[in-house]
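A.B. asks: Next up is a structure, given as structure tokens.
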Amino acid sequence: MNGHATGVTVGMRLFDVIEAQRVPFSSACGGRGNCHLCRVQITSGLSHLSPPTLLEKTVLGNVSLAEGWRLACQTEVQGEVAVTVPTPRRKQRPLAKPMPQ
């Protein structure tokens with residue numbers, strides 16, 4: 001995240017920290033773990049986070065987890081971390097509707 005988060009409590013979800021800092025990020029389910037869009041990359045302090053959940057292991061896989069990718073809604077802060085929040089994805093809208101046949 002750009003800047004420094006203040007007022008972060010141990011056990012707080014990264015999702016809530018990012019939202020409190022008003023950093024734009026992707027999420028369609030409001031942090032309930034249904035959309036899998038709130039992917040963030042931990043650039044330092046990976047050991048200061050809760051262990052990956054079963055959902056994260058299933059959705060992200062071992063390679064992404066090893067590269068520091070986590071789901072913000074599933075990850076609790078246990079100490080100081082640095083996080084990169086990808087630019088939110090926007091749905092691509094078709095320029096024109098298909099013509100009926």
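Just so we're on the same page: first chain in the structure tokens is A, next is B, and so on; residues restart at 1 for each chain, and ligands are numbered from 1 in the order they show up.
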Counting only C-alpha atoms, what is within 10 Å of region 64-69 of chain A, bar same-chain residues fewer than 2 positions away, as a PDB file with C-alpha atoms, in the first residue's frame?

C.D. replies:
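Saved result, result_11.pdb, follows:
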ATOM      1  CA  ARG A  39      -5.580 -10.616  -4.121  1.00  0.00           C
ATOM      2  CA  VAL A  40      -2.658  -8.649  -2.714  1.00  0.00           C
ATOM      3  CA  GLN A  41       1.072  -9.322  -2.798  1.00  0.00           C
ATOM      4  CA  ILE A  42       3.084  -9.239   0.397  1.00  0.00           C
ATOM      5  CA  THR A  43       6.471  -7.670  -0.340  1.00  0.00           C
ATOM      6  CA  SER A  44       7.868  -8.052   3.181  1.00  0.00           C
ATOM      7  CA  GLY A  45       6.755  -9.457   6.505  1.00  0.00           C
ATOM      8  CA  LEU A  46       5.109 -12.614   5.162  1.00  0.00           C
ATOM      9  CA  PRO A  52      -2.859 -19.372   4.474  1.00  0.00           C
ATOM     10  CA  GLU A  56      -6.333 -19.497  -0.185  1.00  0.00           C
ATOM     11  CA  LYS A  57      -4.491 -22.754  -0.813  1.00  0.00           C
ATOM     12  CA  VAL A  59      -7.720 -20.559  -5.012  1.00  0.00           C
ATOM     13  CA  LEU A  60      -4.137 -19.299  -5.159  1.00  0.00           C
ATOM     14  CA  GLY A  61      -2.108 -22.515  -5.153  1.00  0.00           C
ATOM     15  CA  ASN A  62       1.368 -23.124  -3.795  1.00  0.00           C
ATOM     16  CA  LEU A  71      -6.477 -12.974  -0.319  1.00  0.00           C
ATOM     17  CA  ALA A  72      -6.910  -9.850   1.808  1.00  0.00           C
ATOM     18  CA  VAL A  83       1.654  -4.959   0.792  1.00  0.00           C
ATOM     19  CA  THR A  84       1.226  -4.225  -2.900  1.00  0.00           C
TER      20      THR A  84
END

A.B. asks: Can you list every residue in region 15-52 of chain A that DSSP puts in strand (DSSP E), as JSON, numbers by chain?

C.D. replies: {"A": [39, 40, 41, 42, 43, 44]}

A.B. asks: Would you output that residue set with C-alpha atoms, as a PDB file, in the first residue's frame?

C.D. replies:
ATOM      1  CA  ARG A  39      -5.580 -10.616  -4.121  1.00  0.00           C
ATOM      2  CA  VAL A  40      -2.658  -8.649  -2.714  1.00  0.00           C
ATOM      3  CA  GLN A  41       1.072  -9.322  -2.798  1.00  0.00           C
ATOM      4  CA  ILE A  42       3.084  -9.239   0.397  1.00  0.00           C
ATOM      5  CA  THR A  43       6.471  -7.670  -0.340  1.00  0.00           C
ATOM      6  CA  SER A  44       7.868  -8.052   3.181  1.00  0.00           C
TER       7      SER A  44
END

A.B. asks: List as an MDAnalysis selection string the protein and nucleic acid residues near Gln74 (chain A), meaning an atom at most 12 Å away when only C-alpha atoms are counted, but skip any in the same chain fewer than 4 places from it.

C.D. replies: chainID A and resid 11:16 30:40 49:57 59:60 69:70

A.B. asks: As number ranges by chain, list the residues of region 5-74 of chain A assigned to helix (DSSP H, G or I) by DSSP on the backbone atoms of this structure.

C.D. replies: A: 14-20, 46-48, 54-66, 72-74

A.B. asks: Record the distance separating CA of Pro86 (chain A) and CA of Phe25 (chain A), expressed in Å with one decimal.

C.D. replies: 6.8 Å

A.B. asks: Any idea what the distance is between CA of Cys29 (chain A) and CA of Val17 (chain A)?

C.D. replies: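 So the answer is 16.3 Å.
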